[in-house]
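Participant: Here it is: the structure, laid out below.
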Amino acid sequence: RSSDLEISGYSQHRPNPNDGHMQMKFENLEGHLNIKVYNSTGILVDNFELRSSIGETYEYSAKHLNNGIYFFHITDGKRIVTKKVVIIN
């Protein structure tokens with residue numbers, strides 16, 4: 001299974017939960033993006049950057065993370081979007 005994490009003013013991801021493989025698509029965020037992943041206790045477990053074009057899809061593997069609830073904080077420097085993702089490996 002994989003999950004789509006779509007950031008577009010409102011965000012959607014399907015299916016949720018997922019097995020750690022997901023696609024991220026940014027509809028209204030472009031340029032330099034910083035993505036921080038926190039576990040359910042607020043500990044930062046991953047942090048990465050990418051350059052995004054509107055509508056472009058990116059693959060992300062969370063296989064290194066344990067089963068649980070994670071929060072993806074995505075910012076383009078002007079806006080911050082937070083997305084809850086459940087991972088079941």
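Identifiers for the structure tokens are assigned positionally: chains receive A, B, ... in sequence, residues are indexed from 1 per chain, and ligands are indexed from 1 in the order shown.
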Hey, could you make a per-residue contact list for range 68-87 of chain A against range 34-45 of chain A with 8 Å as the cut-off, showing the nearest pair of atoms and its distance in Å to one decimal, counting only C-alpha atoms, sorted by chain and number, as JSON lines?

Facilitator:
{"residue": "A:Gly68", "atom": "CA", "partner": "A:Ser40", "partner_atom": "CA", "distance": 7.5}
{"residue": "A:Ile69", "atom": "CA", "partner": "A:Ser40", "partner_atom": "CA", "distance": 5.5}
{"residue": "A:Tyr70", "atom": "CA", "partner": "A:Asn39", "partner_atom": "CA", "distance": 4.5}
{"residue": "A:Phe71", "atom": "CA", "partner": "A:Tyr38", "partner_atom": "CA", "distance": 5.2}
{"residue": "A:Phe72", "atom": "CA", "partner": "A:Val37", "partner_atom": "CA", "distance": 4.6}
{"residue": "A:His73", "atom": "CA", "partner": "A:Lys36", "partner_atom": "CA", "distance": 5.1}
{"residue": "A:Ile74", "atom": "CA", "partner": "A:Ile35", "partner_atom": "CA", "distance": 4.6}
{"residue": "A:Thr75", "atom": "CA", "partner": "A:Asn34", "partner_atom": "CA", "distance": 5.4}
{"residue": "A:Asp76", "atom": "CA", "partner": "A:Asn34", "partner_atom": "CA", "distance": 6.6}

Participant: Taking only C-alpha atoms into account, which of A:His32, A:Lys84, A:Asn89, A:Phe26 comes nearest Thr57 in chain A?

Facilitator: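 Ranking A:His32, A:Lys84, A:Asn89, A:Phe26 by distance to Thr57 in chain A, first place goes to A:Phe26.
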
Participant: Determine, counting only C-alpha atoms, which protein, DNA and RNA residues have an atom within 10 Å of an atom of Glu56 in chain A; residues of the same chain fewer than 5 positions away are not included. Present the result as a list in words.

Facilitator: Met24, Lys25, Phe26, Glu27, Glu30 and Arg51 of chain A

Participant: What does the distance between CA of Gly20 in chain A and CA of Glu59 in chain A come to in Å, to one decimal place?

Facilitator: 10.5 Å

Participant: Looking at A:His21, A:Asn16, A:Ala62, A:Glu49, which one is nearest to Gly77 in chain A, with distances taken over only C-alpha atoms?

Facilitator: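 Of all the options, A:Glu49 lies closest to Gly77 in chain A.
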
Participant: Quick one: pull the distance between CA of Ser52 in chain A and CA of Ile80 in chain A, Å, one decimal.

Facilitator: 14.8 Å

Participant: Between A:Leu29, A:Leu65, A:Ile54, A:Met22, which one has atoms that come closest to Arg79 in chain A, using only C-alpha atoms?

Facilitator: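 Under the stated criterion, the closest residue is A:Leu29.
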
Participant: Give the strand (DSSP E or B) residues of chain A, as DSSP finds them on the backbone, and put them as an MDAnalysis selection string.

Facilitator: chainID A and resid 3:8 10:14 18 21:26 31:39 44:52 57:61 68:75 80:87

Participant: Mind checking which residues fall within 7 Å of Pro17 in chain A, counting only C-alpha atoms, ignoring those fewer than 2 positions away in the same chain, and posting them as a list in words?

Facilitator: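 So the residues in contact are Pro15, Val85, Val86, Ile87 and Ile88 of chain A.
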
Participant: Looking at A:Asn18, A:Asn67, A:Leu33, A:Val81, which one is nearest to Leu50 in chain A, with distances taken over only C-alpha atoms?

Facilitator: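 Closest residue, counting only C-alpha atoms: A:Leu33.
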